[in-house]
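Structure file input19.cif with mmCIF, N, CA and C atoms:
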```
data_my_file
#
loop_
_atom_site.label_atom_id
_atom_site.label_comp_id
_atom_site.auth_asym_id
_atom_site.auth_seq_id
_atom_site.Cartn_x
_atom_site.Cartn_y
_atom_site.Cartn_z
N MET A 1 -16.36 -9.27 7.31
CA MET A 1 -17.76 -9.24 6.98
C MET A 1 -18.09 -8.09 6.02
N HIS A 2 -17.36 -6.99 6.17
CA HIS A 2 -17.60 -5.86 5.28
C HIS A 2 -17.30 -6.24 3.84
N VAL A 3 -16.23 -6.98 3.63
CA VAL A 3 -15.85 -7.39 2.28
C VAL A 3 -16.88 -8.36 1.73
N ARG A 4 -17.35 -9.28 2.55
CA ARG A 4 -18.38 -10.23 2.11
C ARG A 4 -19.63 -9.47 1.67
N HIS A 5 -20.04 -8.49 2.46
CA HIS A 5 -21.20 -7.68 2.10
C HIS A 5 -20.96 -6.94 0.79
N TYR A 6 -19.78 -6.36 0.63
CA TYR A 6 -19.44 -5.64 -0.59
C TYR A 6 -19.50 -6.56 -1.81
N LEU A 7 -18.90 -7.74 -1.70
CA LEU A 7 -18.86 -8.64 -2.84
C LEU A 7 -20.22 -9.23 -3.17
N ARG A 8 -21.05 -9.44 -2.16
CA ARG A 8 -22.38 -10.02 -2.41
C ARG A 8 -23.39 -8.98 -2.87
N ASN A 9 -23.25 -7.73 -2.42
CA ASN A 9 -24.30 -6.74 -2.65
C ASN A 9 -23.87 -5.55 -3.49
N GLY A 10 -22.61 -5.50 -3.90
CA GLY A 10 -22.15 -4.37 -4.70
C GLY A 10 -22.76 -4.41 -6.10
N SER A 11 -22.93 -3.25 -6.70
CA SER A 11 -23.55 -3.21 -8.03
C SER A 11 -22.64 -3.87 -9.06
N LYS A 12 -21.35 -3.66 -8.97
CA LYS A 12 -20.39 -4.32 -9.84
C LYS A 12 -19.07 -4.40 -9.08
N PRO A 13 -19.02 -5.30 -8.12
CA PRO A 13 -17.85 -5.33 -7.25
C PRO A 13 -16.58 -5.70 -8.01
N GLY A 14 -15.53 -4.97 -7.71
CA GLY A 14 -14.24 -5.21 -8.34
C GLY A 14 -13.17 -5.44 -7.29
N TRP A 15 -12.01 -5.82 -7.75
CA TRP A 15 -10.93 -6.13 -6.81
C TRP A 15 -10.45 -4.88 -6.09
N ARG A 16 -10.48 -3.73 -6.75
CA ARG A 16 -10.04 -2.49 -6.10
C ARG A 16 -10.94 -2.11 -4.92
N GLY A 17 -12.23 -2.23 -5.13
CA GLY A 17 -13.17 -1.92 -4.05
C GLY A 17 -13.05 -2.90 -2.90
N ALA A 18 -12.88 -4.18 -3.24
CA ALA A 18 -12.70 -5.18 -2.18
C ALA A 18 -11.43 -4.89 -1.40
N CYS A 19 -10.35 -4.59 -2.10
CA CYS A 19 -9.08 -4.30 -1.43
C CYS A 19 -9.19 -3.05 -0.57
N LEU A 20 -9.82 -2.02 -1.09
CA LEU A 20 -9.98 -0.78 -0.33
C LEU A 20 -10.82 -1.02 0.93
N THR A 21 -11.86 -1.81 0.82
CA THR A 21 -12.68 -2.14 1.99
C THR A 21 -11.85 -2.90 3.02
N GLY A 22 -11.03 -3.84 2.57
CA GLY A 22 -10.16 -4.57 3.47
C GLY A 22 -9.11 -3.67 4.11
N LEU A 23 -8.50 -2.80 3.31
CA LEU A 23 -7.50 -1.88 3.86
C LEU A 23 -8.10 -0.99 4.94
N ALA A 24 -9.28 -0.44 4.67
CA ALA A 24 -9.93 0.45 5.64
C ALA A 24 -10.27 -0.31 6.93
N SER A 25 -10.75 -1.53 6.79
CA SER A 25 -11.05 -2.34 7.98
C SER A 25 -9.79 -2.60 8.79
N GLY A 26 -8.70 -2.90 8.11
CA GLY A 26 -7.44 -3.17 8.79
C GLY A 26 -6.89 -1.94 9.49
N ILE A 27 -7.02 -0.79 8.85
CA ILE A 27 -6.56 0.46 9.48
C ILE A 27 -7.35 0.72 10.75
N GLY A 28 -8.66 0.59 10.66
CA GLY A 28 -9.50 0.81 11.83
C GLY A 28 -9.15 -0.14 12.96
N PHE A 29 -8.95 -1.41 12.63
CA PHE A 29 -8.61 -2.38 13.67
C PHE A 29 -7.22 -2.11 14.23
N GLY A 30 -6.27 -1.76 13.36
CA GLY A 30 -4.91 -1.48 13.82
C GLY A 30 -4.85 -0.30 14.76
N VAL A 31 -5.61 0.75 14.46
CA VAL A 31 -5.65 1.92 15.34
C VAL A 31 -6.27 1.54 16.69
N SER A 32 -7.37 0.80 16.65
CA SER A 32 -8.02 0.43 17.92
C SER A 32 -7.11 -0.49 18.74
N GLU A 33 -6.40 -1.39 18.10
CA GLU A 33 -5.48 -2.26 18.82
C GLU A 33 -4.31 -1.45 19.39
N GLY A 34 -3.83 -0.48 18.63
CA GLY A 34 -2.75 0.38 19.11
C GLY A 34 -3.17 1.17 20.34
N ILE A 35 -4.38 1.69 20.33
CA ILE A 35 -4.89 2.43 21.49
C ILE A 35 -5.02 1.50 22.69
N MET A 36 -5.52 0.29 22.45
CA MET A 36 -5.68 -0.67 23.54
C MET A 36 -4.32 -1.03 24.15
N TYR A 37 -3.35 -1.38 23.31
CA TYR A 37 -2.02 -1.72 23.81
C TYR A 37 -1.39 -0.54 24.54
N SER A 38 -1.53 0.64 23.98
CA SER A 38 -0.94 1.83 24.61
C SER A 38 -1.53 2.07 25.98
N GLY A 39 -2.83 1.94 26.11
CA GLY A 39 -3.48 2.17 27.39
C GLY A 39 -3.24 1.08 28.40
N ASN A 40 -3.20 -0.18 27.95
CA ASN A 40 -3.08 -1.30 28.88
C ASN A 40 -1.64 -1.67 29.21
N MET A 41 -0.72 -1.49 28.26
CA MET A 41 0.64 -2.00 28.49
C MET A 41 1.67 -0.89 28.72
N TYR A 42 1.59 0.19 27.95
CA TYR A 42 2.63 1.21 28.03
C TYR A 42 2.19 2.36 28.93
N ASN A 43 0.99 2.84 28.72
CA ASN A 43 0.33 3.84 29.56
C ASN A 43 1.25 4.98 30.01
N GLY A 44 2.01 5.50 29.05
CA GLY A 44 2.88 6.62 29.35
C GLY A 44 4.25 6.23 29.88
N PHE A 45 4.49 4.92 30.13
CA PHE A 45 5.77 4.48 30.66
C PHE A 45 6.74 4.03 29.58
N GLY A 46 6.21 3.73 28.40
CA GLY A 46 7.08 3.31 27.31
C GLY A 46 7.73 4.51 26.65
N ASP A 47 8.85 4.24 25.99
CA ASP A 47 9.49 5.34 25.27
C ASP A 47 8.70 5.63 23.99
N GLY A 48 9.04 6.71 23.35
CA GLY A 48 8.30 7.13 22.16
C GLY A 48 8.39 6.14 21.02
N LEU A 49 9.46 5.35 20.98
CA LEU A 49 9.65 4.40 19.89
C LEU A 49 8.56 3.33 19.88
N ILE A 50 8.14 2.87 21.05
CA ILE A 50 7.12 1.83 21.09
C ILE A 50 5.79 2.33 20.52
N TYR A 51 5.49 3.60 20.75
CA TYR A 51 4.27 4.18 20.19
C TYR A 51 4.39 4.31 18.67
N LEU A 52 5.58 4.66 18.20
CA LEU A 52 5.81 4.74 16.76
C LEU A 52 5.63 3.37 16.11
N VAL A 53 6.22 2.36 16.73
CA VAL A 53 6.08 1.00 16.20
C VAL A 53 4.62 0.58 16.20
N ARG A 54 3.94 0.83 17.32
CA ARG A 54 2.56 0.38 17.46
C ARG A 54 1.65 1.09 16.45
N PHE A 55 1.84 2.39 16.25
CA PHE A 55 0.89 3.13 15.43
C PHE A 55 1.30 3.27 13.97
N VAL A 56 2.52 2.95 13.62
CA VAL A 56 2.91 3.02 12.21
C VAL A 56 2.99 1.61 11.63
N SER A 57 3.87 0.79 12.18
CA SER A 57 4.06 -0.53 11.58
C SER A 57 2.85 -1.43 11.78
N CYS A 58 2.29 -1.43 12.97
CA CYS A 58 1.18 -2.35 13.22
C CYS A 58 -0.09 -1.95 12.48
N VAL A 59 -0.34 -0.66 12.37
CA VAL A 59 -1.52 -0.22 11.62
C VAL A 59 -1.35 -0.58 10.14
N SER A 60 -0.16 -0.33 9.61
CA SER A 60 0.05 -0.65 8.19
C SER A 60 0.02 -2.16 7.96
N LEU A 61 0.55 -2.95 8.90
CA LEU A 61 0.49 -4.40 8.74
C LEU A 61 -0.95 -4.91 8.81
N HIS A 62 -1.75 -4.40 9.74
CA HIS A 62 -3.15 -4.80 9.79
C HIS A 62 -3.86 -4.44 8.49
N ALA A 63 -3.54 -3.29 7.93
CA ALA A 63 -4.15 -2.89 6.66
C ALA A 63 -3.74 -3.87 5.55
N MET A 64 -2.47 -4.22 5.50
CA MET A 64 -2.01 -5.17 4.47
C MET A 64 -2.66 -6.53 4.64
N TRP A 65 -2.71 -7.02 5.88
CA TRP A 65 -3.31 -8.33 6.10
C TRP A 65 -4.78 -8.33 5.72
N SER A 66 -5.52 -7.31 6.11
CA SER A 66 -6.95 -7.25 5.79
C SER A 66 -7.17 -7.04 4.29
N GLY A 67 -6.35 -6.20 3.68
CA GLY A 67 -6.44 -6.00 2.24
C GLY A 67 -6.15 -7.28 1.48
N SER A 68 -5.17 -8.04 1.95
CA SER A 68 -4.83 -9.31 1.31
C SER A 68 -5.95 -10.32 1.45
N VAL A 69 -6.56 -10.38 2.62
CA VAL A 69 -7.70 -11.28 2.82
C VAL A 69 -8.84 -10.88 1.89
N ALA A 70 -9.08 -9.58 1.75
CA ALA A 70 -10.14 -9.11 0.86
C ALA A 70 -9.84 -9.51 -0.59
N LEU A 71 -8.59 -9.41 -0.99
CA LEU A 71 -8.23 -9.83 -2.35
C LEU A 71 -8.41 -11.33 -2.53
N MET A 72 -8.10 -12.10 -1.50
CA MET A 72 -8.34 -13.55 -1.58
C MET A 72 -9.84 -13.84 -1.69
N MET A 73 -10.64 -13.08 -0.96
CA MET A 73 -12.09 -13.27 -1.02
C MET A 73 -12.62 -12.90 -2.41
N TYR A 74 -12.07 -11.84 -2.99
CA TYR A 74 -12.48 -11.46 -4.34
C TYR A 74 -12.08 -12.54 -5.35
N ARG A 75 -10.88 -13.05 -5.18
CA ARG A 75 -10.32 -14.02 -6.11
C ARG A 75 -11.08 -15.34 -6.08
N ASN A 76 -11.50 -15.77 -4.90
CA ASN A 76 -12.21 -17.03 -4.75
C ASN A 76 -13.46 -16.77 -3.91
N GLN A 77 -14.58 -16.59 -4.57
CA GLN A 77 -15.83 -16.24 -3.89
C GLN A 77 -16.71 -17.46 -3.64
N ASP A 78 -16.12 -18.64 -3.66
CA ASP A 78 -16.89 -19.88 -3.50
C ASP A 78 -17.64 -19.96 -2.19
N PHE A 79 -17.11 -19.37 -1.13
CA PHE A 79 -17.70 -19.54 0.20
C PHE A 79 -18.61 -18.38 0.61
N LEU A 80 -18.83 -17.41 -0.27
CA LEU A 80 -19.56 -16.21 0.12
C LEU A 80 -21.07 -16.37 0.10
N ASP A 81 -21.58 -17.22 -0.75
CA ASP A 81 -23.03 -17.32 -0.95
C ASP A 81 -23.68 -18.48 -0.22
N THR A 82 -23.01 -19.04 0.74
CA THR A 82 -23.58 -20.19 1.43
C THR A 82 -24.36 -19.76 2.67
N ASP A 83 -25.39 -20.51 2.97
CA ASP A 83 -26.14 -20.31 4.20
C ASP A 83 -25.79 -21.38 5.24
N ASP A 84 -24.97 -22.34 4.84
CA ASP A 84 -24.54 -23.41 5.74
C ASP A 84 -23.39 -22.88 6.60
N TRP A 85 -23.58 -22.88 7.93
CA TRP A 85 -22.60 -22.30 8.84
C TRP A 85 -21.27 -23.04 8.79
N THR A 86 -21.29 -24.34 8.64
CA THR A 86 -20.05 -25.10 8.58
C THR A 86 -19.24 -24.71 7.36
N GLU A 87 -19.91 -24.64 6.22
CA GLU A 87 -19.23 -24.25 4.99
C GLU A 87 -18.74 -22.80 5.07
N PHE A 88 -19.54 -21.94 5.68
CA PHE A 88 -19.15 -20.54 5.84
C PHE A 88 -17.90 -20.42 6.72
N LEU A 89 -17.88 -21.15 7.84
CA LEU A 89 -16.72 -21.10 8.74
C LEU A 89 -15.47 -21.69 8.10
N MET A 90 -15.64 -22.74 7.31
CA MET A 90 -14.50 -23.30 6.58
C MET A 90 -13.96 -22.29 5.57
N GLY A 91 -14.86 -21.58 4.93
CA GLY A 91 -14.44 -20.54 3.99
C GLY A 91 -13.69 -19.43 4.68
N MET A 92 -14.19 -19.00 5.83
CA MET A 92 -13.50 -17.93 6.57
C MET A 92 -12.11 -18.40 7.01
N ALA A 93 -12.00 -19.66 7.43
CA ALA A 93 -10.69 -20.20 7.80
C ALA A 93 -9.76 -20.19 6.59
N TYR A 94 -10.31 -20.53 5.43
CA TYR A 94 -9.51 -20.50 4.19
C TYR A 94 -9.02 -19.09 3.91
N TYR A 95 -9.90 -18.12 3.97
CA TYR A 95 -9.53 -16.74 3.67
C TYR A 95 -8.54 -16.17 4.68
N LEU A 96 -8.74 -16.48 5.95
CA LEU A 96 -7.97 -15.85 7.03
C LEU A 96 -6.67 -16.56 7.39
N SER A 97 -6.49 -17.79 6.95
CA SER A 97 -5.39 -18.62 7.44
C SER A 97 -4.01 -17.98 7.28
N ILE A 98 -3.70 -17.47 6.12
CA ILE A 98 -2.36 -16.89 5.90
C ILE A 98 -2.17 -15.66 6.76
N ALA A 99 -3.17 -14.77 6.80
CA ALA A 99 -3.06 -13.56 7.60
C ALA A 99 -2.93 -13.90 9.09
N MET A 100 -3.65 -14.91 9.55
CA MET A 100 -3.56 -15.30 10.96
C MET A 100 -2.17 -15.80 11.31
N VAL A 101 -1.59 -16.60 10.43
CA VAL A 101 -0.24 -17.12 10.68
C VAL A 101 0.77 -15.98 10.68
N LEU A 102 0.68 -15.09 9.70
CA LEU A 102 1.61 -13.95 9.65
C LEU A 102 1.48 -13.06 10.88
N HIS A 103 0.25 -12.77 11.28
CA HIS A 103 0.01 -11.93 12.45
C HIS A 103 0.55 -12.61 13.72
N GLY A 104 0.27 -13.89 13.88
CA GLY A 104 0.76 -14.62 15.05
C GLY A 104 2.27 -14.68 15.11
N LEU A 105 2.91 -14.94 13.97
CA LEU A 105 4.37 -14.95 13.92
C LEU A 105 4.94 -13.58 14.28
N TYR A 106 4.37 -12.54 13.69
CA TYR A 106 4.85 -11.18 13.93
C TYR A 106 4.76 -10.83 15.42
N ASP A 107 3.61 -11.06 16.02
CA ASP A 107 3.43 -10.76 17.45
C ASP A 107 4.37 -11.58 18.33
N THR A 108 4.48 -12.86 18.04
CA THR A 108 5.34 -13.73 18.84
C THR A 108 6.80 -13.32 18.74
N LEU A 109 7.25 -13.03 17.54
CA LEU A 109 8.64 -12.62 17.36
C LEU A 109 8.95 -11.32 18.08
N LEU A 110 8.02 -10.37 18.02
CA LEU A 110 8.24 -9.11 18.74
C LEU A 110 8.28 -9.33 20.25
N LYS A 111 7.42 -10.20 20.76
CA LYS A 111 7.40 -10.46 22.20
C LYS A 111 8.69 -11.12 22.69
N HIS A 112 9.38 -11.81 21.78
CA HIS A 112 10.64 -12.46 22.13
C HIS A 112 11.85 -11.64 21.67
N ASP A 113 11.61 -10.37 21.39
CA ASP A 113 12.66 -9.42 20.98
C ASP A 113 13.44 -9.87 19.74
N LEU A 114 12.77 -10.53 18.84
CA LEU A 114 13.37 -10.93 17.56
C LEU A 114 12.89 -9.95 16.47
N ASP A 115 13.27 -8.70 16.65
CA ASP A 115 12.76 -7.62 15.79
C ASP A 115 13.14 -7.81 14.32
N ALA A 116 14.35 -8.27 14.05
CA ALA A 116 14.79 -8.43 12.66
C ALA A 116 13.96 -9.50 11.95
N VAL A 117 13.66 -10.58 12.64
CA VAL A 117 12.86 -11.65 12.04
C VAL A 117 11.42 -11.17 11.87
N ALA A 118 10.92 -10.39 12.84
CA ALA A 118 9.57 -9.81 12.71
C ALA A 118 9.52 -8.88 11.51
N LEU A 119 10.60 -8.16 11.26
CA LEU A 119 10.66 -7.30 10.08
C LEU A 119 10.54 -8.12 8.81
N LEU A 120 11.16 -9.29 8.79
CA LEU A 120 11.04 -10.18 7.63
C LEU A 120 9.59 -10.62 7.42
N ILE A 121 8.87 -10.85 8.49
CA ILE A 121 7.44 -11.20 8.38
C ILE A 121 6.69 -10.02 7.77
N GLY A 122 7.03 -8.80 8.19
CA GLY A 122 6.40 -7.61 7.60
C GLY A 122 6.70 -7.50 6.12
N VAL A 123 7.93 -7.74 5.73
CA VAL A 123 8.30 -7.71 4.31
C VAL A 123 7.57 -8.82 3.56
N GLY A 124 7.50 -10.00 4.16
CA GLY A 124 6.76 -11.11 3.53
C GLY A 124 5.29 -10.77 3.36
N SER A 125 4.71 -10.06 4.32
CA SER A 125 3.31 -9.64 4.21
C SER A 125 3.13 -8.70 3.03
N TYR A 126 4.09 -7.79 2.85
CA TYR A 126 4.04 -6.86 1.72
C TYR A 126 4.17 -7.62 0.39
N VAL A 127 5.07 -8.57 0.34
CA VAL A 127 5.26 -9.37 -0.88
C VAL A 127 3.99 -10.15 -1.21
N TRP A 128 3.34 -10.73 -0.19
CA TRP A 128 2.10 -11.48 -0.39
C TRP A 128 1.01 -10.57 -0.95
N MET A 129 0.86 -9.38 -0.38
CA MET A 129 -0.17 -8.47 -0.87
C MET A 129 0.16 -7.99 -2.29
N THR A 130 1.42 -7.71 -2.56
CA THR A 130 1.82 -7.29 -3.90
C THR A 130 1.51 -8.37 -4.92
N TYR A 131 1.76 -9.62 -4.56
CA TYR A 131 1.43 -10.73 -5.45
C TYR A 131 -0.08 -10.78 -5.72
N LEU A 132 -0.88 -10.63 -4.67
CA LEU A 132 -2.34 -10.67 -4.84
C LEU A 132 -2.84 -9.51 -5.70
N VAL A 133 -2.26 -8.33 -5.53
CA VAL A 133 -2.66 -7.18 -6.36
C VAL A 133 -2.29 -7.42 -7.81
N ARG A 134 -1.09 -7.91 -8.05
CA ARG A 134 -0.66 -8.16 -9.43
C ARG A 134 -1.51 -9.22 -10.11
N THR A 135 -1.87 -10.27 -9.38
CA THR A 135 -2.72 -11.28 -10.00
C THR A 135 -4.14 -10.75 -10.21
N ALA A 136 -4.61 -9.88 -9.31
CA ALA A 136 -5.94 -9.29 -9.49
C ALA A 136 -5.96 -8.36 -10.69
N ARG A 137 -4.89 -7.66 -10.94
CA ARG A 137 -4.82 -6.78 -12.12
C ARG A 137 -4.91 -7.56 -13.42
N GLY A 138 -4.43 -8.79 -13.38
CA GLY A 138 -4.44 -9.62 -14.58
C GLY A 138 -5.79 -10.22 -14.89
N THR A 139 -6.76 -10.12 -13.97
CA THR A 139 -8.07 -10.73 -14.22
C THR A 139 -9.02 -9.75 -14.83
#
```

So that I can check it, write out the structure of this file as structure tokens.
Amino acid sequence: MHVRHYLRNGSKPGWRGACLTGLASGIGFGVSEGIMYSGNMYNGFGDGLIYLVRFVSCVSLHAMWSGSVALMMYRNQDFLDTDDWTEFLMGMAYYLSIAMVLHGLYDTLLKHDLDAVALLIGVGSYVWMTYLVRTARGT
């Protein structure tokens, strides 16, 4: 929603501002999710590595996913100016679909102790965001 507000109401919204807004939102969400998982699941019983994974890799992945969604929203703003809820929800599904699949795969793979494959999802997330940044630079 922050990115939608930025793109609709910014004086001259650009891809860098949209991406930065998405990155900041992802960092905030990643930190809050890390705190929640730490308190509910590990609560001092996990080794230090799980906290490192939760607060380094997951925060950075949430930032990449949110930044990528923001770049997609900047790239295709067709769904931002609608007042029709159905059209708005379809647009949000369009923007979020890739990030949701990557996030779901990453979480599922980690829960099944497939760390190497989860790492590939992380690398794929980085490649996706790099592609979006490079195409945004060309516009």

Spell out the residues picked by the PyMOL selection byres ((chain A and resi 27-42) around 6) here, as a PyMOL selection string.
chain A and resi 22-26+43-46+54-55+58-59+62-63

Please run DSSP on the backbone and report, as a PyMOL selection string, all residues within chain A that come out as helix (DSSP H, G or I).
chain A and resi 2-9+15-42+48-75+85-111+115-137

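Pairwise distance (CA of Leu89 (chain A), CA of Cys19 (chain A)) equals 21.1 Å.
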
A straight line from CA of Met64 (chain A) to CA of Thr21 (chain A) spans 11.4 Å

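The nearest approach to Phe79 (chain A) among the residues A:Met100, A:Met92, A:Leu132, A:Leu105, with all atoms listed in the file taken into account, belongs to A:Met92.
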
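As for CA of Ile50 (chain A) and atom N of Trp128 (chain A), they are spaced 25.0 Å apart.
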
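Proximity ranking of A:Val53, A:Met129, A:Arg137, A:Ala93 relative to Gly67 (chain A) places A:Met129 first, based on all atoms listed in the file.
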
Using only N, CA and C atoms: which of A:Ala70, A:Leu80, A:Leu119, A:Leu96 has the shortest distance to Trp15 (chain A)
A:Ala70

Distance criterion (all atoms listed in the file): nearest to Ser125 (chain A) out of A:Asp113, A:Gly138, A:Phe88, A:Leu61:
A:Leu61

With only C-alpha atoms counted, which protein, DNA or RNA residues have an atom no more than 6 Å from (-4.9, -13.9, 1.4) in the file frame? Please answer as a ChimeraX atom specification.
/A:68-69,72,95,98

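Counting only N, CA and C atoms, the residue from A:Leu49, A:Leu71, A:Leu102, A:Leu20 that sits nearest to Ile121 (chain A) is A:Leu102.
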
Could you rebuild region 93-105 of chain A with N, CA, C and O atoms and give me the result as a JSON list (two decimals), keeping the file's coordinate frame?
```json
[["chain", "number", "residue", "atom", "x", "y", "z"],
["A", 93, "ALA", "N", -12.00, -19.66, 7.43],
["A", 93, "ALA", "CA", -10.69, -20.20, 7.80],
["A", 93, "ALA", "C", -9.76, -20.19, 6.59],
["A", 93, "ALA", "O", -8.58, -19.87, 6.71],
["A", 94, "TYR", "N", -10.31, -20.53, 5.43],
["A", 94, "TYR", "CA", -9.51, -20.50, 4.19],
["A", 94, "TYR", "C", -9.02, -19.09, 3.91],
["A", 94, "TYR", "O", -7.84, -18.88, 3.63],
["A", 95, "TYR", "N", -9.90, -18.12, 3.97],
["A", 95, "TYR", "CA", -9.53, -16.74, 3.67],
["A", 95, "TYR", "C", -8.54, -16.17, 4.68],
["A", 95, "TYR", "O", -7.63, -15.42, 4.34],
["A", 96, "LEU", "N", -8.74, -16.48, 5.95],
["A", 96, "LEU", "CA", -7.97, -15.85, 7.03],
["A", 96, "LEU", "C", -6.67, -16.56, 7.39],
["A", 96, "LEU", "O", -5.84, -15.98, 8.08],
["A", 97, "SER", "N", -6.49, -17.79, 6.95],
["A", 97, "SER", "CA", -5.39, -18.62, 7.44],
["A", 97, "SER", "C", -4.01, -17.98, 7.28],
["A", 97, "SER", "O", -3.22, -17.95, 8.23],
["A", 98, "ILE", "N", -3.70, -17.47, 6.12],
["A", 98, "ILE", "CA", -2.36, -16.89, 5.90],
["A", 98, "ILE", "C", -2.17, -15.66, 6.76],
["A", 98, "ILE", "O", -1.13, -15.50, 7.41],
["A", 99, "ALA", "N", -3.17, -14.77, 6.80],
["A", 99, "ALA", "CA", -3.06, -13.56, 7.60],
["A", 99, "ALA", "C", -2.93, -13.90, 9.09],
["A", 99, "ALA", "O", -2.17, -13.25, 9.81],
["A", 100, "MET", "N", -3.65, -14.91, 9.55],
["A", 100, "MET", "CA", -3.56, -15.30, 10.96],
["A", 100, "MET", "C", -2.17, -15.80, 11.31],
["A", 100, "MET", "O", -1.62, -15.47, 12.36],
["A", 101, "VAL", "N", -1.59, -16.60, 10.43],
["A", 101, "VAL", "CA", -0.24, -17.12, 10.68],
["A", 101, "VAL", "C", 0.77, -15.98, 10.68],
["A", 101, "VAL", "O", 1.63, -15.89, 11.57],
["A", 102, "LEU", "N", 0.68, -15.09, 9.70],
["A", 102, "LEU", "CA", 1.61, -13.95, 9.65],
["A", 102, "LEU", "C", 1.48, -13.06, 10.88],
["A", 102, "LEU", "O", 2.48, -12.64, 11.47],
["A", 103, "HIS", "N", 0.25, -12.77, 11.28],
["A", 103, "HIS", "CA", 0.01, -11.93, 12.45],
["A", 103, "HIS", "C", 0.55, -12.61, 13.72],
["A", 103, "HIS", "O", 1.23, -11.98, 14.53],
["A", 104, "GLY", "N", 0.27, -13.89, 13.88],
["A", 104, "GLY", "CA", 0.76, -14.62, 15.05],
["A", 104, "GLY", "C", 2.27, -14.68, 15.11],
["A", 104, "GLY", "O", 2.88, -14.49, 16.17],
["A", 105, "LEU", "N", 2.91, -14.94, 13.97],
["A", 105, "LEU", "CA", 4.37, -14.95, 13.92],
["A", 105, "LEU", "C", 4.94, -13.58, 14.28],
["A", 105, "LEU", "O", 5.88, -13.47, 15.07]]
```
